[in-house]
file structure-v2.txt (compact mmCIF, N, CA and C atoms)
# COMPACT_ATOMS: atom_id res chain seq x y z
N MET A 1294 0.83 -1.18 0.00
CA MET A 1294 0.00 0.00 0.00
C MET A 1294 0.87 1.24 0.00
N THR A 1295 0.42 2.28 -0.69
CA THR A 1295 1.20 3.50 -0.81
C THR A 1295 0.48 4.67 -0.14
N ASP A 1296 1.18 5.80 -0.05
CA ASP A 1296 0.55 7.02 0.45
C ASP A 1296 -0.61 7.44 -0.44
N LEU A 1297 -0.48 7.20 -1.75
CA LEU A 1297 -1.56 7.53 -2.68
C LEU A 1297 -2.79 6.67 -2.38
N ASP A 1298 -2.58 5.40 -2.04
CA ASP A 1298 -3.68 4.53 -1.67
C ASP A 1298 -4.39 5.06 -0.42
N GLU A 1299 -3.61 5.50 0.55
CA GLU A 1299 -4.18 6.03 1.79
C GLU A 1299 -4.99 7.30 1.52
N ARG A 1300 -4.47 8.19 0.68
CA ARG A 1300 -5.18 9.41 0.32
C ARG A 1300 -6.47 9.07 -0.40
N ALA A 1301 -6.39 8.12 -1.31
CA ALA A 1301 -7.57 7.69 -2.05
C ALA A 1301 -8.60 7.06 -1.12
N MET A 1302 -8.15 6.28 -0.15
CA MET A 1302 -9.08 5.68 0.81
C MET A 1302 -9.76 6.74 1.65
N ARG A 1303 -9.04 7.78 2.01
CA ARG A 1303 -9.68 8.87 2.77
C ARG A 1303 -10.82 9.48 1.95
N ARG A 1304 -10.58 9.69 0.64
CA ARG A 1304 -11.64 10.24 -0.22
C ARG A 1304 -12.79 9.25 -0.35
N ALA A 1305 -12.48 7.97 -0.48
CA ALA A 1305 -13.53 6.95 -0.58
C ALA A 1305 -14.37 6.93 0.70
N LEU A 1306 -13.74 7.09 1.85
CA LEU A 1306 -14.48 7.14 3.11
C LEU A 1306 -15.37 8.38 3.18
N GLU A 1307 -14.91 9.51 2.64
CA GLU A 1307 -15.76 10.71 2.56
C GLU A 1307 -16.99 10.43 1.71
N LEU A 1308 -16.78 9.77 0.57
CA LEU A 1308 -17.89 9.44 -0.32
C LEU A 1308 -18.85 8.45 0.35
N ALA A 1309 -18.32 7.52 1.12
CA ALA A 1309 -19.16 6.57 1.85
C ALA A 1309 -20.02 7.31 2.88
N ALA A 1310 -19.44 8.29 3.56
CA ALA A 1310 -20.21 9.09 4.52
C ALA A 1310 -21.31 9.87 3.81
N GLU A 1311 -21.03 10.39 2.61
CA GLU A 1311 -22.05 11.07 1.82
C GLU A 1311 -23.18 10.11 1.46
N ALA A 1312 -22.83 8.88 1.12
CA ALA A 1312 -23.84 7.88 0.80
C ALA A 1312 -24.74 7.64 2.01
N ALA A 1313 -24.15 7.47 3.18
CA ALA A 1313 -24.92 7.24 4.40
C ALA A 1313 -25.87 8.40 4.66
N ALA A 1314 -25.37 9.62 4.50
CA ALA A 1314 -26.21 10.81 4.74
C ALA A 1314 -27.40 10.86 3.78
N ALA A 1315 -27.25 10.24 2.60
CA ALA A 1315 -28.31 10.20 1.60
C ALA A 1315 -29.20 8.96 1.75
N GLY A 1316 -28.97 8.17 2.82
CA GLY A 1316 -29.78 6.98 3.05
C GLY A 1316 -29.33 5.76 2.27
N GLU A 1317 -28.14 5.82 1.72
CA GLU A 1317 -27.57 4.70 0.96
C GLU A 1317 -26.60 3.93 1.85
N ILE A 1318 -26.40 2.66 1.54
CA ILE A 1318 -25.38 1.89 2.26
C ILE A 1318 -24.05 2.60 2.05
N PRO A 1319 -23.31 2.88 3.13
CA PRO A 1319 -22.11 3.71 3.03
C PRO A 1319 -20.90 3.02 2.40
N VAL A 1320 -20.85 3.10 1.08
CA VAL A 1320 -19.71 2.59 0.33
C VAL A 1320 -19.27 3.68 -0.63
N GLY A 1321 -17.97 3.94 -0.66
CA GLY A 1321 -17.39 4.92 -1.58
C GLY A 1321 -16.22 4.31 -2.31
N ALA A 1322 -15.97 4.83 -3.53
CA ALA A 1322 -14.88 4.28 -4.35
C ALA A 1322 -14.25 5.38 -5.19
N VAL A 1323 -12.96 5.23 -5.44
CA VAL A 1323 -12.25 6.11 -6.36
C VAL A 1323 -11.35 5.28 -7.26
N VAL A 1324 -11.11 5.79 -8.47
CA VAL A 1324 -10.18 5.16 -9.41
C VAL A 1324 -8.99 6.09 -9.57
N LEU A 1325 -7.81 5.53 -9.41
CA LEU A 1325 -6.56 6.27 -9.59
C LEU A 1325 -5.92 5.88 -10.91
N ASP A 1326 -5.38 6.87 -11.62
CA ASP A 1326 -4.63 6.55 -12.84
C ASP A 1326 -3.23 6.09 -12.44
N SER A 1327 -2.40 5.81 -13.42
CA SER A 1327 -1.06 5.27 -13.14
C SER A 1327 -0.16 6.24 -12.39
N GLU A 1328 -0.54 7.52 -12.36
CA GLU A 1328 0.25 8.52 -11.62
C GLU A 1328 -0.36 8.83 -10.26
N GLY A 1329 -1.45 8.16 -9.92
CA GLY A 1329 -2.07 8.35 -8.62
C GLY A 1329 -3.11 9.45 -8.55
N GLN A 1330 -3.51 9.97 -9.71
CA GLN A 1330 -4.54 11.01 -9.74
C GLN A 1330 -5.92 10.37 -9.75
N ILE A 1331 -6.85 10.95 -9.01
CA ILE A 1331 -8.22 10.46 -9.00
C ILE A 1331 -8.88 10.87 -10.31
N ILE A 1332 -9.34 9.88 -11.08
CA ILE A 1332 -10.00 10.16 -12.36
C ILE A 1332 -11.45 9.68 -12.39
N GLY A 1333 -11.87 9.06 -11.31
CA GLY A 1333 -13.25 8.62 -11.20
C GLY A 1333 -13.57 8.40 -9.74
N GLU A 1334 -14.80 8.74 -9.37
CA GLU A 1334 -15.21 8.47 -8.00
C GLU A 1334 -16.71 8.19 -7.99
N GLY A 1335 -17.12 7.49 -6.94
CA GLY A 1335 -18.54 7.17 -6.83
C GLY A 1335 -18.89 6.74 -5.43
N ARG A 1336 -20.17 6.75 -5.18
CA ARG A 1336 -20.73 6.25 -3.93
C ARG A 1336 -21.99 5.48 -4.29
N ASN A 1337 -22.48 4.68 -3.37
CA ASN A 1337 -23.70 3.95 -3.64
C ASN A 1337 -24.84 4.92 -3.95
N ILE A 1338 -25.60 4.61 -5.01
CA ILE A 1338 -26.72 5.45 -5.43
C ILE A 1338 -27.96 4.61 -5.79
N ARG A 1339 -28.02 3.39 -5.33
CA ARG A 1339 -29.12 2.49 -5.70
C ARG A 1339 -30.48 3.02 -5.29
N GLU A 1340 -30.63 3.47 -4.06
CA GLU A 1340 -31.92 3.97 -3.58
C GLU A 1340 -32.33 5.23 -4.32
N GLU A 1341 -31.38 6.10 -4.51
CA GLU A 1341 -31.63 7.39 -5.14
C GLU A 1341 -32.01 7.25 -6.63
N THR A 1342 -31.37 6.32 -7.32
CA THR A 1342 -31.60 6.18 -8.77
C THR A 1342 -32.49 4.99 -9.13
N HIS A 1343 -32.78 4.13 -8.14
CA HIS A 1343 -33.54 2.90 -8.38
C HIS A 1343 -32.84 2.00 -9.39
N ASP A 1344 -31.52 2.08 -9.38
CA ASP A 1344 -30.69 1.32 -10.32
C ASP A 1344 -29.98 0.20 -9.56
N PRO A 1345 -30.28 -1.05 -9.86
CA PRO A 1345 -29.63 -2.14 -9.13
C PRO A 1345 -28.12 -2.20 -9.34
N THR A 1346 -27.60 -1.56 -10.37
CA THR A 1346 -26.15 -1.54 -10.58
C THR A 1346 -25.50 -0.29 -9.98
N GLY A 1347 -26.23 0.47 -9.20
CA GLY A 1347 -25.74 1.72 -8.64
C GLY A 1347 -24.80 1.55 -7.46
N HIS A 1348 -23.86 0.65 -7.57
CA HIS A 1348 -22.83 0.46 -6.53
C HIS A 1348 -21.70 1.47 -6.75
N ALA A 1349 -21.03 1.82 -5.68
CA ALA A 1349 -19.95 2.80 -5.73
C ALA A 1349 -18.90 2.45 -6.78
N GLU A 1350 -18.52 1.17 -6.85
CA GLU A 1350 -17.49 0.74 -7.78
C GLU A 1350 -17.91 0.97 -9.23
N ILE A 1351 -19.15 0.63 -9.55
CA ILE A 1351 -19.66 0.79 -10.92
C ILE A 1351 -19.67 2.27 -11.29
N VAL A 1352 -20.15 3.11 -10.38
CA VAL A 1352 -20.21 4.55 -10.64
C VAL A 1352 -18.80 5.09 -10.89
N ALA A 1353 -17.84 4.69 -10.06
CA ALA A 1353 -16.46 5.16 -10.21
C ALA A 1353 -15.82 4.64 -11.49
N LEU A 1354 -16.06 3.37 -11.83
CA LEU A 1354 -15.50 2.81 -13.06
C LEU A 1354 -16.06 3.52 -14.30
N ARG A 1355 -17.35 3.79 -14.30
CA ARG A 1355 -17.96 4.49 -15.44
C ARG A 1355 -17.34 5.88 -15.61
N GLN A 1356 -17.18 6.58 -14.50
CA GLN A 1356 -16.59 7.92 -14.57
C GLN A 1356 -15.14 7.87 -15.05
N ALA A 1357 -14.38 6.91 -14.56
CA ALA A 1357 -12.97 6.78 -14.96
C ALA A 1357 -12.86 6.44 -16.44
N ALA A 1358 -13.68 5.51 -16.92
CA ALA A 1358 -13.64 5.12 -18.33
C ALA A 1358 -13.99 6.31 -19.23
N ALA A 1359 -14.98 7.08 -18.81
CA ALA A 1359 -15.34 8.27 -19.59
C ALA A 1359 -14.21 9.29 -19.57
N SER A 1360 -13.53 9.40 -18.44
CA SER A 1360 -12.43 10.36 -18.30
C SER A 1360 -11.27 10.04 -19.25
N VAL A 1361 -10.94 8.75 -19.38
CA VAL A 1361 -9.81 8.37 -20.24
C VAL A 1361 -10.24 8.02 -21.66
N GLY A 1362 -11.55 7.90 -21.88
CA GLY A 1362 -12.05 7.57 -23.21
C GLY A 1362 -11.79 6.13 -23.61
N SER A 1363 -11.78 5.25 -22.62
CA SER A 1363 -11.55 3.83 -22.89
C SER A 1363 -12.11 2.99 -21.75
N TRP A 1364 -12.62 1.81 -22.09
CA TRP A 1364 -13.08 0.89 -21.06
C TRP A 1364 -11.90 0.20 -20.38
N ASN A 1365 -10.72 0.18 -21.02
CA ASN A 1365 -9.57 -0.54 -20.52
C ASN A 1365 -8.81 0.31 -19.50
N LEU A 1366 -8.88 -0.11 -18.24
CA LEU A 1366 -8.24 0.62 -17.14
C LEU A 1366 -7.14 -0.22 -16.50
N GLU A 1367 -6.40 -0.93 -17.35
CA GLU A 1367 -5.40 -1.89 -16.89
C GLU A 1367 -4.33 -1.30 -15.98
N THR A 1368 -3.94 -0.07 -16.19
CA THR A 1368 -2.88 0.54 -15.37
C THR A 1368 -3.45 1.32 -14.18
N HIS A 1369 -4.71 1.12 -13.87
CA HIS A 1369 -5.39 1.90 -12.85
C HIS A 1369 -5.64 1.08 -11.58
N THR A 1370 -5.93 1.82 -10.51
CA THR A 1370 -6.23 1.22 -9.20
C THR A 1370 -7.62 1.65 -8.77
N LEU A 1371 -8.41 0.71 -8.31
CA LEU A 1371 -9.71 1.01 -7.72
C LEU A 1371 -9.55 0.90 -6.21
N VAL A 1372 -9.96 1.94 -5.50
CA VAL A 1372 -9.91 1.97 -4.04
C VAL A 1372 -11.35 2.09 -3.55
N VAL A 1373 -11.78 1.13 -2.75
CA VAL A 1373 -13.18 1.09 -2.30
C VAL A 1373 -13.24 0.73 -0.82
N THR A 1374 -14.25 1.25 -0.14
CA THR A 1374 -14.33 1.07 1.31
C THR A 1374 -14.79 -0.32 1.73
N LEU A 1375 -15.46 -1.07 0.85
CA LEU A 1375 -15.96 -2.40 1.17
C LEU A 1375 -15.54 -3.38 0.08
N GLU A 1376 -15.21 -4.58 0.47
CA GLU A 1376 -14.87 -5.63 -0.48
C GLU A 1376 -15.97 -5.74 -1.54
N PRO A 1377 -15.61 -5.72 -2.81
CA PRO A 1377 -16.62 -5.78 -3.88
C PRO A 1377 -17.45 -7.07 -3.87
N CYS A 1378 -18.69 -6.92 -4.32
CA CYS A 1378 -19.59 -8.05 -4.49
C CYS A 1378 -19.26 -8.74 -5.82
N VAL A 1379 -19.98 -9.80 -6.14
CA VAL A 1379 -19.74 -10.54 -7.38
C VAL A 1379 -19.95 -9.65 -8.61
N MET A 1380 -21.03 -8.85 -8.61
CA MET A 1380 -21.29 -7.97 -9.76
C MET A 1380 -20.13 -6.99 -9.96
N CYS A 1381 -19.69 -6.37 -8.88
CA CYS A 1381 -18.61 -5.38 -8.99
C CYS A 1381 -17.28 -6.04 -9.34
N ALA A 1382 -17.03 -7.23 -8.81
CA ALA A 1382 -15.81 -7.96 -9.18
C ALA A 1382 -15.81 -8.24 -10.67
N GLY A 1383 -16.96 -8.62 -11.22
CA GLY A 1383 -17.06 -8.84 -12.67
C GLY A 1383 -16.77 -7.57 -13.44
N ALA A 1384 -17.29 -6.45 -12.98
CA ALA A 1384 -17.04 -5.17 -13.66
C ALA A 1384 -15.57 -4.78 -13.57
N ILE A 1385 -14.94 -5.06 -12.43
CA ILE A 1385 -13.51 -4.78 -12.26
C ILE A 1385 -12.70 -5.57 -13.28
N LEU A 1386 -13.04 -6.84 -13.44
CA LEU A 1386 -12.34 -7.67 -14.43
C LEU A 1386 -12.63 -7.18 -15.85
N GLN A 1387 -13.86 -6.81 -16.14
CA GLN A 1387 -14.21 -6.33 -17.48
C GLN A 1387 -13.48 -5.03 -17.81
N ALA A 1388 -13.22 -4.21 -16.79
CA ALA A 1388 -12.48 -2.95 -16.99
C ALA A 1388 -10.97 -3.17 -16.98
N ARG A 1389 -10.55 -4.38 -16.66
CA ARG A 1389 -9.13 -4.73 -16.60
C ARG A 1389 -8.36 -3.93 -15.53
N ILE A 1390 -9.05 -3.57 -14.44
CA ILE A 1390 -8.39 -2.85 -13.34
C ILE A 1390 -7.19 -3.68 -12.88
N GLY A 1391 -6.05 -3.04 -12.75
CA GLY A 1391 -4.83 -3.75 -12.36
C GLY A 1391 -4.70 -4.02 -10.88
N ARG A 1392 -5.21 -3.07 -10.06
CA ARG A 1392 -5.09 -3.21 -8.60
C ARG A 1392 -6.41 -2.84 -7.95
N LEU A 1393 -6.75 -3.59 -6.93
CA LEU A 1393 -7.90 -3.27 -6.08
C LEU A 1393 -7.40 -3.11 -4.67
N VAL A 1394 -7.77 -2.01 -4.03
CA VAL A 1394 -7.47 -1.76 -2.63
C VAL A 1394 -8.83 -1.56 -1.95
N PHE A 1395 -9.11 -2.34 -0.90
CA PHE A 1395 -10.39 -2.13 -0.22
C PHE A 1395 -10.23 -2.14 1.29
N GLY A 1396 -11.26 -1.60 1.96
CA GLY A 1396 -11.24 -1.46 3.41
C GLY A 1396 -11.81 -2.66 4.13
N ALA A 1397 -13.11 -2.66 4.37
CA ALA A 1397 -13.77 -3.70 5.15
C ALA A 1397 -13.99 -4.96 4.32
N TRP A 1398 -13.82 -6.10 4.97
CA TRP A 1398 -14.13 -7.39 4.35
C TRP A 1398 -15.63 -7.60 4.43
N ASP A 1399 -16.19 -8.28 3.45
CA ASP A 1399 -17.62 -8.57 3.43
C ASP A 1399 -17.81 -10.09 3.47
N ASP A 1400 -17.98 -10.62 4.68
CA ASP A 1400 -18.10 -12.06 4.86
C ASP A 1400 -19.40 -12.64 4.30
N LYS A 1401 -20.37 -11.79 3.97
CA LYS A 1401 -21.65 -12.27 3.45
C LYS A 1401 -21.72 -12.27 1.93
N ALA A 1402 -21.01 -11.33 1.28
CA ALA A 1402 -21.14 -11.22 -0.18
C ALA A 1402 -19.84 -10.84 -0.88
N GLY A 1403 -18.72 -10.85 -0.18
CA GLY A 1403 -17.45 -10.43 -0.77
C GLY A 1403 -16.94 -11.36 -1.85
N ALA A 1404 -16.43 -10.76 -2.92
CA ALA A 1404 -15.92 -11.56 -4.05
C ALA A 1404 -14.46 -11.29 -4.34
N ALA A 1405 -13.73 -10.82 -3.31
CA ALA A 1405 -12.30 -10.57 -3.47
C ALA A 1405 -11.51 -11.28 -2.38
N GLY A 1406 -12.06 -12.42 -1.92
CA GLY A 1406 -11.33 -13.21 -0.95
C GLY A 1406 -12.17 -13.75 0.20
N SER A 1407 -13.31 -13.13 0.51
CA SER A 1407 -14.13 -13.62 1.62
C SER A 1407 -14.99 -14.81 1.22
N MET A 1408 -16.12 -14.54 0.59
CA MET A 1408 -17.01 -15.61 0.12
C MET A 1408 -16.46 -16.25 -1.15
N TYR A 1409 -16.03 -15.41 -2.05
CA TYR A 1409 -15.49 -15.83 -3.35
C TYR A 1409 -14.18 -15.10 -3.58
N ASP A 1410 -13.41 -15.56 -4.55
CA ASP A 1410 -12.18 -14.87 -4.92
C ASP A 1410 -12.15 -14.70 -6.44
N VAL A 1411 -13.18 -14.04 -6.95
CA VAL A 1411 -13.36 -13.86 -8.38
C VAL A 1411 -12.16 -13.14 -9.01
N LEU A 1412 -11.63 -12.15 -8.32
CA LEU A 1412 -10.58 -11.32 -8.92
C LEU A 1412 -9.25 -12.03 -9.09
N ARG A 1413 -9.07 -13.15 -8.41
CA ARG A 1413 -7.82 -13.90 -8.54
C ARG A 1413 -8.04 -15.32 -9.02
N ASP A 1414 -9.20 -15.57 -9.59
CA ASP A 1414 -9.55 -16.91 -10.06
C ASP A 1414 -8.71 -17.25 -11.29
N ARG A 1415 -7.89 -18.26 -11.17
CA ARG A 1415 -6.95 -18.63 -12.26
C ARG A 1415 -7.66 -19.19 -13.48
N ARG A 1416 -8.93 -19.55 -13.35
CA ARG A 1416 -9.69 -20.05 -14.51
C ARG A 1416 -10.12 -18.92 -15.43
N LEU A 1417 -10.04 -17.69 -14.96
CA LEU A 1417 -10.44 -16.54 -15.76
C LEU A 1417 -9.24 -15.97 -16.51
N PRO A 1418 -9.48 -15.30 -17.64
CA PRO A 1418 -8.37 -14.82 -18.46
C PRO A 1418 -7.65 -13.59 -17.89
N TYR A 1419 -8.22 -12.93 -16.88
CA TYR A 1419 -7.59 -11.73 -16.34
C TYR A 1419 -7.72 -11.76 -14.82
N ARG A 1420 -6.69 -11.34 -14.11
CA ARG A 1420 -6.71 -11.27 -12.66
C ARG A 1420 -6.20 -9.90 -12.22
N ALA A 1421 -6.64 -9.49 -11.05
CA ALA A 1421 -6.22 -8.21 -10.48
C ALA A 1421 -5.43 -8.45 -9.19
N GLU A 1422 -4.51 -7.56 -8.89
CA GLU A 1422 -3.85 -7.57 -7.59
C GLU A 1422 -4.87 -7.09 -6.57
N VAL A 1423 -4.95 -7.74 -5.42
CA VAL A 1423 -5.94 -7.40 -4.40
C VAL A 1423 -5.24 -7.12 -3.07
N ILE A 1424 -5.55 -5.95 -2.49
CA ILE A 1424 -5.02 -5.57 -1.18
C ILE A 1424 -6.22 -5.22 -0.31
N GLY A 1425 -6.51 -6.05 0.67
CA GLY A 1425 -7.67 -5.85 1.53
C GLY A 1425 -7.31 -5.39 2.92
N GLY A 1426 -8.29 -4.85 3.63
CA GLY A 1426 -8.12 -4.47 5.02
C GLY A 1426 -7.48 -3.11 5.23
N VAL A 1427 -7.45 -2.25 4.20
CA VAL A 1427 -6.87 -0.91 4.32
C VAL A 1427 -7.91 0.01 4.97
N ALA A 1428 -7.56 0.64 6.08
CA ALA A 1428 -8.49 1.49 6.85
C ALA A 1428 -9.75 0.70 7.21
N GLU A 1429 -9.56 -0.57 7.49
CA GLU A 1429 -10.67 -1.48 7.77
C GLU A 1429 -11.54 -1.00 8.93
N ASP A 1430 -10.92 -0.51 10.00
CA ASP A 1430 -11.70 -0.07 11.16
C ASP A 1430 -12.63 1.08 10.82
N ALA A 1431 -12.13 2.06 10.08
CA ALA A 1431 -12.96 3.22 9.71
C ALA A 1431 -14.10 2.81 8.79
N ALA A 1432 -13.81 1.95 7.83
CA ALA A 1432 -14.84 1.50 6.89
C ALA A 1432 -15.89 0.66 7.61
N THR A 1433 -15.45 -0.22 8.49
CA THR A 1433 -16.38 -1.07 9.24
C THR A 1433 -17.24 -0.23 10.16
N ALA A 1434 -16.66 0.78 10.79
CA ALA A 1434 -17.42 1.65 11.70
C ALA A 1434 -18.55 2.37 10.97
N LEU A 1435 -18.28 2.86 9.77
CA LEU A 1435 -19.33 3.52 8.97
C LEU A 1435 -20.49 2.56 8.70
N LEU A 1436 -20.17 1.37 8.28
CA LEU A 1436 -21.19 0.37 7.98
C LEU A 1436 -21.97 -0.02 9.23
N ARG A 1437 -21.26 -0.27 10.32
CA ARG A 1437 -21.91 -0.69 11.57
C ARG A 1437 -22.88 0.39 12.05
N GLU A 1438 -22.42 1.63 12.06
CA GLU A 1438 -23.28 2.74 12.51
C GLU A 1438 -24.52 2.87 11.63
N PHE A 1439 -24.35 2.76 10.33
CA PHE A 1439 -25.46 2.86 9.38
C PHE A 1439 -26.52 1.80 9.68
N PHE A 1440 -26.10 0.55 9.84
CA PHE A 1440 -27.06 -0.52 10.06
C PHE A 1440 -27.65 -0.51 11.46
N GLU A 1441 -26.88 -0.05 12.45
CA GLU A 1441 -27.43 0.06 13.81
C GLU A 1441 -28.53 1.10 13.87
N GLN A 1442 -28.40 2.18 13.11
CA GLN A 1442 -29.43 3.22 13.08
C GLN A 1442 -30.72 2.73 12.43
N ARG A 1443 -30.64 1.68 11.63
CA ARG A 1443 -31.82 1.17 10.93
C ARG A 1443 -32.50 0.02 11.66
N ARG A 1444 -31.94 -0.40 12.76
CA ARG A 1444 -32.55 -1.51 13.52
C ARG A 1444 -33.53 -1.00 14.53

call {"tool": "encode", "arguments": {"input": "structure-v2.txt", "output": "structure tokens"}}
result
Amino acid sequence: MTDLDERAMRRALELAAEAAAAGEIPVGAVVLDSEGQIIGEGRNIREETHDPTGHAEIVALRQAAASVGSWNLETHTLVVTLEPCVMCAGAILQARIGRLVFGAWDDKAGAAGSMYDVLRDRRLPYRAEVIGGVAEDAATALLREFFEQRR
């Protein structure tokens, strides 16, 4: 993990807090280019847009691809506050993201090492480097607080 990863995670945590304030599950994501610049960011928007694909990762990947004018983000890093689900892991592979950095592990639906390990599955033609548990306590605290308020 680098200082750029830490800075990106701080921004992703800010986006996750914005999602929580909007009544969305608090997940935020940013995409870094090969020089460490943020070129895409997103937060969960499913409730707001009624879009089942409105996960933070998908929003950030779409913005990054539009920014560079290509779906291929092979030299890029996705930083997200929660371990991606199966849908998002598939999108990460389709975008050819080279590195994934995430905060909290998702033991119920994670697809980057918890429930599944889609991103490193050797049967698939492309794999991503995965670094989990970055700022895990902060990311977990946001999620825990959000769900405790809804009980």

call {"tool": "atom_distance", "arguments": {"input": "structure-v2.txt", "atom1": "atom CA of Leu1306 of chain A", "atom2": "atom N of Tyr1419 of chain A"}}
result
29.0 Å

call {"tool": "closest_residue", "arguments": {"input": "structure-v2.txt", "among": "A:Ala1434, A:Ile1318, A:Ala1310, A:Val1324", "to": "Thr1370 of chain A", "atoms": "all atoms listed in the file"}}
result
A:Val1324

call {"tool": "axis_aligned_box", "arguments": {"input": "structure-v2.txt", "around": "segment 1331-1334 of chain A", "padding_each_side": "5 Å", "output": "JSON"}}
result
{"center_x": -11.8, "center_y": 9.6, "center_z": -10.2, "size_x": 19.9, "size_y": 12.8, "size_z": 14.4}

call {"tool": "select_by_dssp", "arguments": {"input": "structure-v2.txt", "residues": "chain A", "states": "helix (DSSP H, G or I)", "output": "PyMOL selection string"}}
result
chain A and resi 1296-1314+1339-1342+1349-1361+1379-1387+1411-1413+1429-1442

call {"tool": "closest_residue", "arguments": {"input": "structure-v2.txt", "among": "A:Glu1376, A:Glu1328, A:Glu1340, A:Glu1441", "to": "Val1427 of chain A", "atoms": "only C-alpha atoms"}}
result
A:Glu1376
